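Here's the structure we're looking at; comments come further down.
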Amino acid sequence: MTTDVRRRTDMGWVVRHGIIGGIVAGLVFAVAEMIGSVLMGDQLLAPLSAFASVPIGQPPPEIDMSTALVVGPLWHLLLSVIYAVVFAVAVQMVPALRSSTAAIVVAATVWGTVLWAVNFYVVAPAIGRPWFTMAPVIPQFIFHAFFYGTVLGLYLASVRPAGWREPDR
C-alpha cells in the first residue's frame with residue numbers, strides 16, 4: 001500500500017512540476033528566441049510565426065501575425081509542457097538522475113539538444129515543414145539546449161523532493 005501511495009505522489013510531482021517546468025522553460029526559450037530574432041535583424045515576434053507554422057502548415061512569412069499571436073504561443077507552450085513532463089518522468093524514474101543536481105541539469109541540457117535535432121531535422125521535414133532545417137544552427141542549438149533544457153533542469157532540480165537528493169558531504 002505504501003508503494004501505491006508513493007507512486008501516486010511521485011506521479012503528482014511529475015505532472016505538476018512537468019507542467020510548471022515546461023511553462024517556465026518554454027517562456028524563457030520564447031523570450032530568448034524573440035531577443036535573438038531582433039539581434040539577427042528580424043522582427044521581435046517572428047518566432048511566434050515559426051511556432052505557429054507547425055500546426056498551420058504554412059511557412060512563417062505566410063502566416064498572419066494575428067494568427068501567429070494566438071496559435072504560436074499555444075502550440076509552443078503545449079510542446080514545452082509535453083516535453084517537460086516526459087523529462088520529469090525520467091528524473092523520477094532514474095535514481096542516478098534524480099539524486100544529483102548536476103545530473104538533472106546536464107541531462108536536461110542534452111534533452112533540449114535532442115529535441116532540437118529531432119524536431120528540426122527529422123520531424124519537421126517528415127511532416128512537410130522543411131523551413132526549420134534552414135534556421136541558423138548555432139542560435140537554435142543555444143536556444144534549445146540552454147534556454148529550454150538547462151532552465152528546465154534547474155527548475156526540476158530545485159523542486160525535487162528532499163528524499164531524492166544526494167546526501168550531504
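Quick note on naming: the chains in the C-alpha cells go A, B, ... in the order shown, residues restart at 1 in each chain, and ligands are numbered from 1 in order of appearance.
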Env of Ile20 in chain A: 10 Å cut, atoms = only C-alpha atoms, seq-sep filter 5 positions within chain, self excluded. Answer as a ChimeraX atom specification. /A:14-15,25-26,80-81,84-85,152,155-156
May I have the selected residues written with N, CA and C atoms, as a JSON list (two decimals), in the first residue's frame?
```json
[["chain", "number", "residue", "atom", "x", "y", "z"],
["A", 14, "VAL", "N", 5.53, 14.60, -10.91],
["A", 14, "VAL", "CA", 5.88, 14.61, -12.34],
["A", 14, "VAL", "C", 4.95, 15.52, -13.12],
["A", 15, "VAL", "N", 3.66, 15.34, -12.93],
["A", 15, "VAL", "CA", 2.69, 16.13, -13.70],
["A", 15, "VAL", "C", 2.76, 17.60, -13.29],
["A", 25, "ALA", "N", 10.33, 27.02, -18.66],
["A", 25, "ALA", "CA", 11.37, 26.86, -19.68],
["A", 25, "ALA", "C", 10.87, 27.32, -21.05],
["A", 26, "GLY", "N", 9.62, 27.04, -21.36],
["A", 26, "GLY", "CA", 9.05, 27.46, -22.64],
["A", 26, "GLY", "C", 9.00, 28.97, -22.78],
["A", 80, "SER", "N", 6.22, 22.49, -25.10],
["A", 80, "SER", "CA", 7.15, 22.69, -23.98],
["A", 80, "SER", "C", 6.71, 21.88, -22.76],
["A", 81, "VAL", "N", 5.42, 21.88, -22.49],
["A", 81, "VAL", "CA", 4.89, 21.14, -21.34],
["A", 81, "VAL", "C", 4.98, 19.64, -21.57],
["A", 84, "ALA", "N", 8.52, 18.57, -21.19],
["A", 84, "ALA", "CA", 8.96, 18.69, -19.80],
["A", 84, "ALA", "C", 8.39, 17.57, -18.94],
["A", 85, "VAL", "N", 7.15, 17.19, -19.18],
["A", 85, "VAL", "CA", 6.56, 16.08, -18.43],
["A", 85, "VAL", "C", 7.31, 14.79, -18.74],
["A", 152, "LEU", "N", 14.89, 24.11, -17.73],
["A", 152, "LEU", "CA", 14.05, 23.02, -17.23],
["A", 152, "LEU", "C", 14.78, 22.22, -16.16],
["A", 155, "TYR", "N", 15.03, 24.13, -12.89],
["A", 155, "TYR", "CA", 13.74, 24.16, -12.20],
["A", 155, "TYR", "C", 13.47, 22.81, -11.52],
["A", 156, "LEU", "N", 13.57, 21.72, -12.28],
["A", 156, "LEU", "CA", 13.25, 20.40, -11.71],
["A", 156, "LEU", "C", 14.20, 20.04, -10.57]]
```
Find the spatial neighbours of range 43-56 of chain A, counting only C-alpha atoms, within a cut-off of 6 Å - ignore same-chain residues fewer than 5 positions away - and output them as a list in words. Met34, Ser37, Val38, Ala68, Val71, Gly72 and His76 of chain A
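Here the question is which of A:Met93, A:Ile82, A:Pro136, A:Ala145 gets nearest to Trp111 in chain A using only C-alpha atoms, and that residue is A:Ala145.
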Between A:Thr67, A:Val91, A:Trp75, A:Ile19, which is the closest to Arg160 in chain A once you count only C-alpha atoms?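 Selected residue with least distance to Arg160 in chain A: A:Val91.
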As an exercise, work out the distance from CA of Arg98 in chain A to CA of Phe141 in chain A in Å and give it to one decimal place.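 Going from CA of Arg98 in chain A over to CA of Phe141 in chain A, I get 24.8 Å.
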Report the distance between CA of Gln58 in chain A and CA of Gly128 in chain A in Å, rounded to one decimal place.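 So the answer is 9.3 Å.
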Point-to-point distance in Å for CA of Gly153 in chain A and CA of Trp13 in chain A: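 Result for CA of Trp13 in chain A versus CA of Gly153 in chain A: 14.6 Å, one decimal.
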Please report, as a PyMOL selection string, each residue of chain A to which DSSP assigns alpha helix (DSSP H) when run on this structure's backbone. chain A and resi 2-39+46-56+65-93+95-98+101-118+124-126+137-142+151-159
Find the residues near range 101-108 of chain A: any atom within 12 Å, counting only C-alpha atoms, skip ones fewer than 6 places away on the same chain, and give them as a ChimeraX atom specification. /A:21-22,25,83-92,94-95,114-115,144-162,164-167
Could the residues in this selection be saved with C-alpha atoms as an mmCIF file, in the first residue's frame?
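Result file follows (again02.cif):
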```cif
data_model
loop_
_atom_site.group_PDB
_atom_site.id
_atom_site.type_symbol
_atom_site.label_atom_id
_atom_site.label_comp_id
_atom_site.auth_asym_id
_atom_site.auth_seq_id
_atom_site.Cartn_x
_atom_site.Cartn_y
_atom_site.Cartn_z
ATOM 1 C CA GLY A 21 8.777 23.498 -15.605
ATOM 2 C CA GLY A 22 7.536 23.304 -19.196
ATOM 3 C CA ALA A 25 11.370 26.863 -19.682
ATOM 4 C CA TYR A 83 8.462 17.540 -23.400
ATOM 5 C CA ALA A 84 8.963 18.694 -19.804
ATOM 6 C CA VAL A 85 6.564 16.081 -18.429
ATOM 7 C CA VAL A 86 8.417 13.371 -20.377
ATOM 8 C CA PHE A 87 11.713 14.594 -18.915
ATOM 9 C CA ALA A 88 10.202 14.810 -15.401
ATOM 10 C CA VAL A 89 9.224 11.122 -15.724
ATOM 11 C CA ALA A 90 12.872 10.324 -16.456
ATOM 12 C CA VAL A 91 14.002 12.352 -13.437
ATOM 13 C CA GLN A 92 11.563 10.498 -11.208
ATOM 14 C CA VAL A 94 16.206 7.157 -12.820
ATOM 15 C CA PRO A 95 17.819 7.202 -9.361
ATOM 16 C CA VAL A 114 17.956 16.185 -28.718
ATOM 17 C CA LEU A 115 14.550 17.862 -29.026
ATOM 18 C CA HIS A 144 17.049 24.730 -27.243
ATOM 19 C CA ALA A 145 19.941 23.405 -25.164
ATOM 20 C CA PHE A 146 20.367 26.251 -22.706
ATOM 21 C CA PHE A 147 17.257 28.447 -22.717
ATOM 22 C CA TYR A 148 14.930 25.443 -22.666
ATOM 23 C CA GLY A 149 16.913 22.413 -21.476
ATOM 24 C CA THR A 150 19.121 23.986 -18.832
ATOM 25 C CA VAL A 151 16.254 26.120 -17.495
ATOM 26 C CA LEU A 152 14.046 23.021 -17.234
ATOM 27 C CA GLY A 153 16.812 21.123 -15.448
ATOM 28 C CA LEU A 154 17.443 23.929 -12.977
ATOM 29 C CA TYR A 155 13.739 24.157 -12.202
ATOM 30 C CA LEU A 156 13.254 20.402 -11.710
ATOM 31 C CA ALA A 157 16.417 20.125 -9.605
ATOM 32 C CA SER A 158 15.192 22.948 -7.370
ATOM 33 C CA VAL A 159 11.803 21.335 -6.665
ATOM 34 C CA ARG A 160 12.679 17.662 -6.341
ATOM 35 C CA PRO A 161 11.767 16.065 -3.013
ATOM 36 C CA ALA A 162 14.462 16.022 -0.331
ATOM 37 C CA TRP A 164 15.730 12.238 -3.962
ATOM 38 C CA ARG A 165 18.774 14.400 -3.279
ATOM 39 C CA GLU A 166 22.343 13.308 -2.849
ATOM 40 C CA PRO A 167 23.478 13.026 0.773
#
```
Top pick for closest residue to Pro61 in chain A, considering A:Arg16, A:Gly112, A:Trp131, A:Leu78 and counting only C-alpha atoms: A:Trp131
Give the answer as one residue: which of A:Met40, A:Ile127, A:Leu79, A:Met11 has the shortest atom-to-atom distance to Leu27 in chain A, using only C-alpha atoms?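 Ranked by minimum distance to Leu27 in chain A, first place goes to A:Leu79.
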Among the residues A:Ala96, A:Ile138, A:Phe132, A:Gly163, the one that comes closest to Pro60 in chain A [using only C-alpha atoms]: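 Nearest candidate to Pro60 in chain A out of A:Ala96, A:Ile138, A:Phe132, A:Gly163: A:Phe132.
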